[in-house]
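Single-structure report; data block below.
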Amino acid sequence: MENHPKWYFHPVLIFISSVVALAASLFLYIYWYVEVSSGLKDVVRRYNLDTTRFYEAQTWVVILVLSILVGIILAGMLIIFIYNQKTLQFYRLQHNFINNFTHELKTPVTSLKLYLETFQRHELSREDRLKYLGYMIRDVNRLSDNISRILDLARIESRSHEGEFIESDLVQIVEAFCKANTHLFQGSDIRVHNPSGSAFVYPVNVPLFEMLLMNLLTNAIKYNTSERPIVDIRFVPQKRRLDIQFEDNGIGLEKKEIRKIFKKFYQVGRSDDRSAKGSGLGLYLVRQIVRIHKGKISAESRGPGQGSIFTLTLSLRKARAA
Amino acid sequence: MKETGKKRILIIEDEEHIAEGLKFNLSRQGHEVMIAFDGVSGLQKWKEWQPHLIVLDIMLPGINGFSVLQSIRLADERLPVLILTAKGAPDDRVRGLSYGSDDYMTKPFNLDEFLLRVERLLARVTWSRGEEKTGPSQQTYHFGGNEIDFNTFTARCRQGTIQLTEQEVKILKLFIANRGKPLSRKHLLEIGWGYTGVTTTRTVDNFIVRFRKYFEDDPQKPLYFKSLRSVGYIFDHD
């Protein structure tokens with residue numbers, strides 16, 4: 001069971017009560033100050049000293065300084081509060097990720113072990129043997145995919161990729177990638193459109209860019225309930241930038257999800273009932289790769305069941321349209 | 001350990017490879033095996049096919065394994081259920097056992113151990129079959145001035161004696177098992193009807209209206225079947 005802290009330890013409550021305490025103390029500072037200074041004024045008046053103007057000016061200066069200081073404290077508290085909330089949220093996502101990823105790792109291992117023990121236990125017909133060996137190979141692939149995804153993440157985060165940029169034509173890379181990986185996209189259509197017909201040469205890190213393509217395309221096919229998944233890749237040159245759009249006919253996205261999908265460990269759906277699939281790393285990797293290429297990525301969708309469009313934007317300043 | 005004879009075993013597991021491997025091994029033991037790849041079809045096959053044992057995964061698409069188990073336990077206390085899951089934390093084990101699973105194994109598991117445990121569970125069912133007809137367990141339930149008889153599916157209430165449908169009895173059992181605990185519409189629908197949350201929850205509301213008409217002195221001011229705003233319902237009595 002999760003440890004539920006007592007309600008009075010709830011960060012929001014603590015935050016609100018300290019803001020209230022701070023506001024009250026500001027009020028009291030000013031109130032008491034005014035009282036004291038009016039007492040002083042009485043003294044001044046009694047002894048007929050002509051310094052009233054000096055006191056009045058000072059009162060306002062004191063109030064102003066106090067207010068500014070309290071304002072700064074308030075801002076600091078707010079920042080710490082927000083930071084704390086973000087950390088908590090990240091912790092929860094990470095916890096979720098570990099749970100899910102363990103499942104992703106354990107499932108193929110379980111299957112492999114099950115078949116190995118079956119082979120040990122029974123004399124199998126050739127037909128069965130081939131079928132189960134096929135399963136085992138797929139399990140090994142699944143396992144190694146998961147492992148390489150974690151390694152990719154580590155590689156990208158440690159920034160060991162710098163200085164590997166090669167000027168290349170993006171259209172060519174995308175087309176070559178689709179051709180080389182047809183076996184992965186069987187049963188679906190991936191179409192590349194380049195209406196301008198020109199090449200777009202851009203300094204790219206080819207392995208990273210391919211990782212990006214792989215993640216976007218497998219997502220488009222995996223989260224897809226259409227009879228035949230279709231992905232349209234369009235090169236749309238704008239004035240000072242190049243947009244590459246990935247449009248699919250998949251399950252689409254909800255408005256409130258769009259902001260979150262690029263976050264590390266974030267998954268659409270709940271982990272408890274397996275409506276959340278995958279690792280929660282794919283699109284985070286995509287965003288990191290796009291950042292390395294000094295570009296931007298955004299997602300849009302007409303709503304659940306209506307497909308989604310991922311747009312990769314690269315600035316054309318450094319690129320030359322050949 | 002083959003003396004238990006041919007038995008029907010239902011595997012509810014969304015990973016095709018694991019389900020196939022289990023099916024192969026259990027068939028080799030001489031059992032009849034069926035696979036369901038999600039919770040909803042699992043419940044359906046359990047009702048239609050009447051298996052002797054269920055091997056249940058927890059992380060399933062749609063309705064999760066815990067809900068499937070609770071749903072089964074409302075209708076059948078004795079059916080052996082073996083949970084086989086990657087969730088191995090002590091909390092999950094306790095949760096599974098508290099919902100009434102007979103055994104709990106975590107993945108990756110040892111095949112020999114799994115098969116032995118299955119045979120053991122099946123053997124125990126054969127032994128206890130004799131008692132089943134003689135020992136009447138708790139069959140009536142009282143609250144307020146109402147009495148529900150689970151044997152005859154009847155209730156004595158302010159409307160006199162009425163006949164209850166099977167579904168009504170099931171939902172009543174669910175409320176009684178969770179007395180004093182709030183139940184969400186989604187949860188009621190999942191366990192009571194075996195639907196996922198997508199279906200309209202109006203069905204649940206209609207049942208509550210009916211229960212209030214049967215059992216409440218004033219259906220407008222319910223004492224037993226109370227609404228909880230934005231949560232669902234709660235059943236309680238003195």
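Naming works like this for the structure tokens: A, B, ... for the chains as they're shown, residue 1 at the start of each chain, ligands 1 onward in shown order.
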
How close does chain B get to chain A? List, as a Markdown table, each residue of chain B within 7 Å, its nearest atom pair and the distance in Å to one decimal, counting only C-alpha atoms.
```
| residue | atom | partner | partner_atom | distance |
| --- | --- | --- | --- | --- |
| B:His17 | CA | A:Ser111 | CA | 6.2 |
| B:Ile18 | CA | A:Ser111 | CA | 5.1 |
| B:Gly21 | CA | A:Tyr115 | CA | 6.5 |
| B:Met59 | CA | A:Asp273 | CA | 5.2 |
| B:Leu60 | CA | A:Asp273 | CA | 5.4 |
| B:Pro61 | CA | A:Arg274 | CA | 5.1 |
| B:Gly62 | CA | A:Asp273 | CA | 6.3 |
| B:Ile63 | CA | A:Asp273 | CA | 6.5 |
| B:Asn64 | CA | A:Asp273 | CA | 5.0 |
| B:Ala86 | CA | A:His103 | CA | 6.0 |
| B:Asp91 | CA | A:Met1 | CA | 5.9 |
| B:Lys107 | CA | A:Thr110 | CA | 5.8 |
| B:Pro108 | CA | A:Thr110 | CA | 4.3 |
| B:Phe109 | CA | A:Thr110 | CA | 6.8 |
| B:Leu111 | CA | A:Leu114 | CA | 6.3 |
```

Would you mind exporting C-alpha atoms of the selected residues as a compact mmCIF listing (two decimals), in the first residue's frame?
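File produced: again.txt:
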```txt
# COMPACT_ATOMS: atom_id res chain seq x y z
CA HIS B 17 3.38 -16.20 -26.86
CA ILE B 18 2.97 -16.94 -23.19
CA GLY B 21 3.11 -21.90 -24.47
CA MET B 59 -2.29 -6.38 -16.57
CA LEU B 60 -4.92 -6.93 -19.23
CA PRO B 61 -6.40 -4.54 -21.77
CA GLY B 62 -9.87 -3.29 -20.87
CA ILE B 63 -10.82 -4.78 -17.52
CA ASN B 64 -7.80 -5.70 -15.41
CA ALA B 86 4.69 -9.84 -13.76
CA ASP B 91 1.14 -5.34 -2.13
CA LYS B 107 6.68 -14.10 -14.12
CA PRO B 108 9.15 -15.37 -15.11
CA PHE B 109 8.06 -18.65 -13.56
CA LEU B 111 7.24 -24.46 -15.78
```

DSSP on the backbone, then: every residue of region 22-197 of chain B marked helix (DSSP H, G or I), written as a PDB file with C-alpha atoms, in the first residue's frame.
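Saved result, states.pdb, follows:
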```pdb
ATOM      1  CA  LEU B  22       0.877 -22.488 -21.462  1.00  0.00           C
ATOM      2  CA  LYS B  23      -1.805 -23.965 -23.666  1.00  0.00           C
ATOM      3  CA  PHE B  24       0.655 -26.383 -25.229  1.00  0.00           C
ATOM      4  CA  ASN B  25       1.949 -27.611 -21.880  1.00  0.00           C
ATOM      5  CA  LEU B  26      -1.448 -27.926 -20.248  1.00  0.00           C
ATOM      6  CA  SER B  27      -2.811 -29.772 -23.283  1.00  0.00           C
ATOM      7  CA  ARG B  28       0.113 -32.174 -23.029  1.00  0.00           C
ATOM      8  CA  GLY B  39     -10.750  -9.377 -19.491  1.00  0.00           C
ATOM      9  CA  VAL B  40     -14.086  -8.936 -21.231  1.00  0.00           C
ATOM     10  CA  SER B  41     -13.770 -12.019 -23.424  1.00  0.00           C
ATOM     11  CA  GLY B  42     -12.299 -13.873 -20.453  1.00  0.00           C
ATOM     12  CA  LEU B  43     -15.464 -13.299 -18.432  1.00  0.00           C
ATOM     13  CA  GLN B  44     -17.584 -14.264 -21.394  1.00  0.00           C
ATOM     14  CA  LYS B  45     -15.723 -17.535 -21.921  1.00  0.00           C
ATOM     15  CA  TRP B  46     -15.860 -18.287 -18.201  1.00  0.00           C
ATOM     16  CA  LYS B  47     -19.672 -18.028 -18.313  1.00  0.00           C
ATOM     17  CA  GLU B  48     -20.144 -19.990 -21.523  1.00  0.00           C
ATOM     18  CA  TRP B  49     -17.518 -22.684 -21.150  1.00  0.00           C
ATOM     19  CA  GLY B  65      -7.317  -9.082 -13.775  1.00  0.00           C
ATOM     20  CA  PHE B  66      -8.270  -7.932 -10.278  1.00  0.00           C
ATOM     21  CA  SER B  67     -11.694  -6.844 -11.551  1.00  0.00           C
ATOM     22  CA  VAL B  68     -12.114 -10.093 -13.473  1.00  0.00           C
ATOM     23  CA  LEU B  69     -11.370 -12.024 -10.297  1.00  0.00           C
ATOM     24  CA  GLN B  70     -13.832  -9.989  -8.216  1.00  0.00           C
ATOM     25  CA  SER B  71     -16.487 -10.478 -10.837  1.00  0.00           C
ATOM     26  CA  ILE B  72     -15.960 -14.246 -10.864  1.00  0.00           C
ATOM     27  CA  ARG B  73     -16.008 -14.418  -7.062  1.00  0.00           C
ATOM     28  CA  LEU B  74     -19.458 -12.822  -6.921  1.00  0.00           C
ATOM     29  CA  ALA B  75     -20.910 -15.793  -8.733  1.00  0.00           C
ATOM     30  CA  PRO B  90       4.031  -7.848  -1.861  1.00  0.00           C
ATOM     31  CA  ASP B  91       1.136  -5.339  -2.132  1.00  0.00           C
ATOM     32  CA  ASP B  92       0.004  -6.883  -5.390  1.00  0.00           C
ATOM     33  CA  ARG B  93       0.187 -10.398  -3.973  1.00  0.00           C
ATOM     34  CA  VAL B  94      -1.861  -9.370  -0.955  1.00  0.00           C
ATOM     35  CA  ARG B  95      -4.367  -7.662  -3.200  1.00  0.00           C
ATOM     36  CA  GLY B  96      -4.714 -10.717  -5.429  1.00  0.00           C
ATOM     37  CA  LEU B  97      -5.116 -13.110  -2.518  1.00  0.00           C
ATOM     38  CA  SER B  98      -7.550 -10.803  -0.717  1.00  0.00           C
ATOM     39  CA  LEU B 111       7.239 -24.462 -15.783  1.00  0.00           C
ATOM     40  CA  ASP B 112       7.377 -27.577 -13.584  1.00  0.00           C
ATOM     41  CA  GLU B 113       6.283 -25.591 -10.566  1.00  0.00           C
ATOM     42  CA  PHE B 114       3.416 -24.056 -12.499  1.00  0.00           C
ATOM     43  CA  LEU B 115       2.157 -27.421 -13.744  1.00  0.00           C
ATOM     44  CA  LEU B 116       2.369 -28.979 -10.279  1.00  0.00           C
ATOM     45  CA  ARG B 117       0.442 -26.132  -8.732  1.00  0.00           C
ATOM     46  CA  VAL B 118      -2.237 -26.402 -11.396  1.00  0.00           C
ATOM     47  CA  GLU B 119      -2.633 -30.147 -10.807  1.00  0.00           C
ATOM     48  CA  ARG B 120      -2.834 -29.570  -7.071  1.00  0.00           C
ATOM     49  CA  LEU B 121      -5.581 -26.976  -7.457  1.00  0.00           C
ATOM     50  CA  LEU B 122      -7.527 -29.256  -9.778  1.00  0.00           C
ATOM     51  CA  ALA B 123      -7.173 -32.209  -7.401  1.00  0.00           C
ATOM     52  CA  ARG B 124      -8.552 -30.175  -4.533  1.00  0.00           C
ATOM     53  CA  VAL B 125     -11.669 -29.308  -6.518  1.00  0.00           C
ATOM     54  CA  THR B 126     -12.330 -33.006  -7.093  1.00  0.00           C
ATOM     55  CA  TRP B 127     -12.127 -33.736  -3.354  1.00  0.00           C
ATOM     56  CA  SER B 128     -14.361 -30.906  -2.273  1.00  0.00           C
ATOM     57  CA  ARG B 129     -17.006 -31.656  -4.863  1.00  0.00           C
ATOM     58  CA  GLY B 130     -18.809 -33.983  -2.422  1.00  0.00           C
ATOM     59  CA  GLU B 131     -19.337 -31.294   0.202  1.00  0.00           C
ATOM     60  CA  GLU B 132     -20.691 -28.817  -2.228  1.00  0.00           C
ATOM     61  CA  LYS B 133     -24.227 -30.126  -2.250  1.00  0.00           C
ATOM     62  CA  THR B 134     -24.551 -30.723   1.494  1.00  0.00           C
ATOM     63  CA  GLU B 166     -29.692 -13.014 -11.680  1.00  0.00           C
ATOM     64  CA  GLN B 167     -28.117  -9.656 -12.443  1.00  0.00           C
ATOM     65  CA  GLU B 168     -29.854  -8.017  -9.495  1.00  0.00           C
ATOM     66  CA  VAL B 169     -28.582 -10.733  -7.154  1.00  0.00           C
ATOM     67  CA  LYS B 170     -25.071 -10.253  -8.468  1.00  0.00           C
ATOM     68  CA  ILE B 171     -25.120  -6.501  -7.920  1.00  0.00           C
ATOM     69  CA  LEU B 172     -26.601  -6.987  -4.436  1.00  0.00           C
ATOM     70  CA  LYS B 173     -23.767  -9.376  -3.585  1.00  0.00           C
ATOM     71  CA  LEU B 174     -21.281  -6.817  -4.802  1.00  0.00           C
ATOM     72  CA  PHE B 175     -22.800  -4.123  -2.600  1.00  0.00           C
ATOM     73  CA  ILE B 176     -22.937  -6.441   0.397  1.00  0.00           C
ATOM     74  CA  ALA B 177     -19.315  -7.504  -0.046  1.00  0.00           C
ATOM     75  CA  ARG B 185     -20.174   3.576 -11.407  1.00  0.00           C
ATOM     76  CA  LYS B 186     -17.232   2.465 -13.494  1.00  0.00           C
ATOM     77  CA  HIS B 187     -16.218  -0.130 -10.923  1.00  0.00           C
ATOM     78  CA  LEU B 188     -19.795  -1.412 -10.603  1.00  0.00           C
ATOM     79  CA  LEU B 189     -20.068  -1.713 -14.349  1.00  0.00           C
ATOM     80  CA  GLU B 190     -16.744  -3.512 -14.699  1.00  0.00           C
ATOM     81  CA  ILE B 191     -17.327  -6.063 -11.969  1.00  0.00           C
ATOM     82  CA  GLY B 192     -21.087  -6.406 -12.071  1.00  0.00           C
ATOM     83  CA  TRP B 193     -21.570  -6.439 -15.807  1.00  0.00           C
TER      84      TRP B 193
END
```

Next on the checklist: According to DSSP computed on the backbone, where in region 12-213 of chain B is there strand (DSSP E or B)? Give the residues as a count of residues only.
Outcome noted: 37

Item to check | Arg191 (chain A) surroundings by only C-alpha atoms, 8 Å radius, close-in-sequence under 4 positions cut, as a PyMOL selection string | outcome: chain A and resi 230-233

Please produce an output containing C-alpha atoms for each residue in the selection, written as an mmCIF file, in the first residue's frame.
```
data_model
loop_
_atom_site.group_PDB
_atom_site.id
_atom_site.type_symbol
_atom_site.label_atom_id
_atom_site.label_comp_id
_atom_site.auth_asym_id
_atom_site.auth_seq_id
_atom_site.Cartn_x
_atom_site.Cartn_y
_atom_site.Cartn_z
ATOM 1 C CA ILE A 230 -1.264 4.893 -43.698
ATOM 2 C CA VAL A 231 1.460 7.422 -42.988
ATOM 3 C CA ASP A 232 1.972 10.399 -45.293
ATOM 4 C CA ILE A 233 5.311 12.153 -45.010
#
```

Checklist entry - If we count only C-alpha atoms, what is near Tyr214 (chain B) at a cut-off of 8 Å, once residues fewer than 2 positions away on the same chain are taken out, given as a PyMOL selection string? => result chain B and resi 157-159+210-212+216

Item to check | Test item: residues at most 12 Å from Glu257 (chain A), only C-alpha atoms, excluding those fewer than 2 positions along its chain, as a ChimeraX atom specification | outcome: /A:252-255,259-263,266-269,299-301,303-304,308

Please write the residues from the selection above to a file, keeping N, CA and C atoms, as an mmCIF file, in the first residue's frame.
```cif
data_model
loop_
_atom_site.group_PDB
_atom_site.id
_atom_site.type_symbol
_atom_site.label_atom_id
_atom_site.label_comp_id
_atom_site.auth_asym_id
_atom_site.auth_seq_id
_atom_site.Cartn_x
_atom_site.Cartn_y
_atom_site.Cartn_z
ATOM 1 N N GLY A 252 -5.309 8.905 -33.052
ATOM 2 C CA GLY A 252 -5.382 10.318 -32.724
ATOM 3 C C GLY A 252 -5.014 10.611 -31.282
ATOM 4 N N LEU A 253 -5.181 11.883 -30.924
ATOM 5 C CA LEU A 253 -4.776 12.314 -29.586
ATOM 6 C C LEU A 253 -5.866 13.189 -29.001
ATOM 7 N N GLU A 254 -5.989 13.149 -27.691
ATOM 8 C CA GLU A 254 -6.898 14.079 -27.034
ATOM 9 C C GLU A 254 -6.154 15.386 -26.805
ATOM 10 N N LYS A 255 -6.924 16.475 -26.826
ATOM 11 C CA LYS A 255 -6.324 17.820 -26.668
ATOM 12 C C LYS A 255 -5.407 17.877 -25.468
ATOM 13 N N ARG A 259 -0.041 18.249 -24.996
ATOM 14 C CA ARG A 259 1.000 18.986 -24.307
ATOM 15 C C ARG A 259 1.991 18.041 -23.629
ATOM 16 N N LYS A 260 1.501 16.851 -23.237
ATOM 17 C CA LYS A 260 2.303 15.999 -22.362
ATOM 18 C C LYS A 260 3.097 14.907 -23.077
ATOM 19 N N ILE A 261 2.701 14.594 -24.335
ATOM 20 C CA ILE A 261 3.260 13.379 -24.921
ATOM 21 C C ILE A 261 4.758 13.387 -25.122
ATOM 22 N N PHE A 262 5.373 14.596 -25.184
ATOM 23 C CA PHE A 262 6.810 14.632 -25.411
ATOM 24 C C PHE A 262 7.607 14.543 -24.119
ATOM 25 N N LYS A 263 6.887 14.476 -22.986
ATOM 26 C CA LYS A 263 7.586 14.407 -21.697
ATOM 27 C C LYS A 263 8.204 13.033 -21.509
ATOM 28 N N TYR A 266 6.221 9.849 -20.070
ATOM 29 C CA TYR A 266 4.775 10.017 -20.127
ATOM 30 C C TYR A 266 4.159 8.980 -21.067
ATOM 31 N N GLN A 267 3.035 8.387 -20.632
ATOM 32 C CA GLN A 267 2.331 7.440 -21.492
ATOM 33 C C GLN A 267 0.868 7.816 -21.559
ATOM 34 N N VAL A 268 0.302 7.686 -22.746
ATOM 35 C CA VAL A 268 -1.135 7.893 -22.885
ATOM 36 C C VAL A 268 -1.816 6.656 -22.319
ATOM 37 N N GLY A 269 -2.810 6.855 -21.474
ATOM 38 C CA GLY A 269 -3.529 5.714 -20.898
ATOM 39 C C GLY A 269 -3.008 5.398 -19.507
ATOM 40 N N ALA A 299 2.713 18.457 -32.281
ATOM 41 C CA ALA A 299 1.712 17.463 -32.649
ATOM 42 C C ALA A 299 0.361 18.131 -32.708
ATOM 43 N N GLU A 300 -0.492 17.647 -33.604
ATOM 44 C CA GLU A 300 -1.873 18.101 -33.608
ATOM 45 C C GLU A 300 -2.767 16.937 -34.000
ATOM 46 N N SER A 301 -4.022 17.052 -33.629
ATOM 47 C CA SER A 301 -4.960 15.988 -33.942
ATOM 48 C C SER A 301 -6.348 16.574 -33.952
ATOM 49 N N GLY A 303 -8.744 14.992 -32.992
ATOM 50 C CA GLY A 303 -9.429 14.359 -31.869
ATOM 51 C C GLY A 303 -9.245 12.860 -31.904
ATOM 52 N N PRO A 304 -9.720 12.171 -30.851
ATOM 53 C CA PRO A 304 -9.551 10.720 -30.801
ATOM 54 C C PRO A 304 -10.183 10.037 -32.014
ATOM 55 N N SER A 308 -3.415 11.690 -36.379
ATOM 56 C CA SER A 308 -2.662 12.820 -35.835
ATOM 57 C C SER A 308 -1.569 13.234 -36.813
#
```

Item to check | Which residue of A:Val204, A:Ile98, A:Val12, A:Leu66 approaches Tyr33 (chain A) most closely, using only C-alpha atoms | outcome: A:Leu66

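Considering only C-alpha atoms, the residue among A:Val286, A:Ala24, A:Ile79, A:Ile72 positioned nearest to Ile156 (chain A) is A:Val286.
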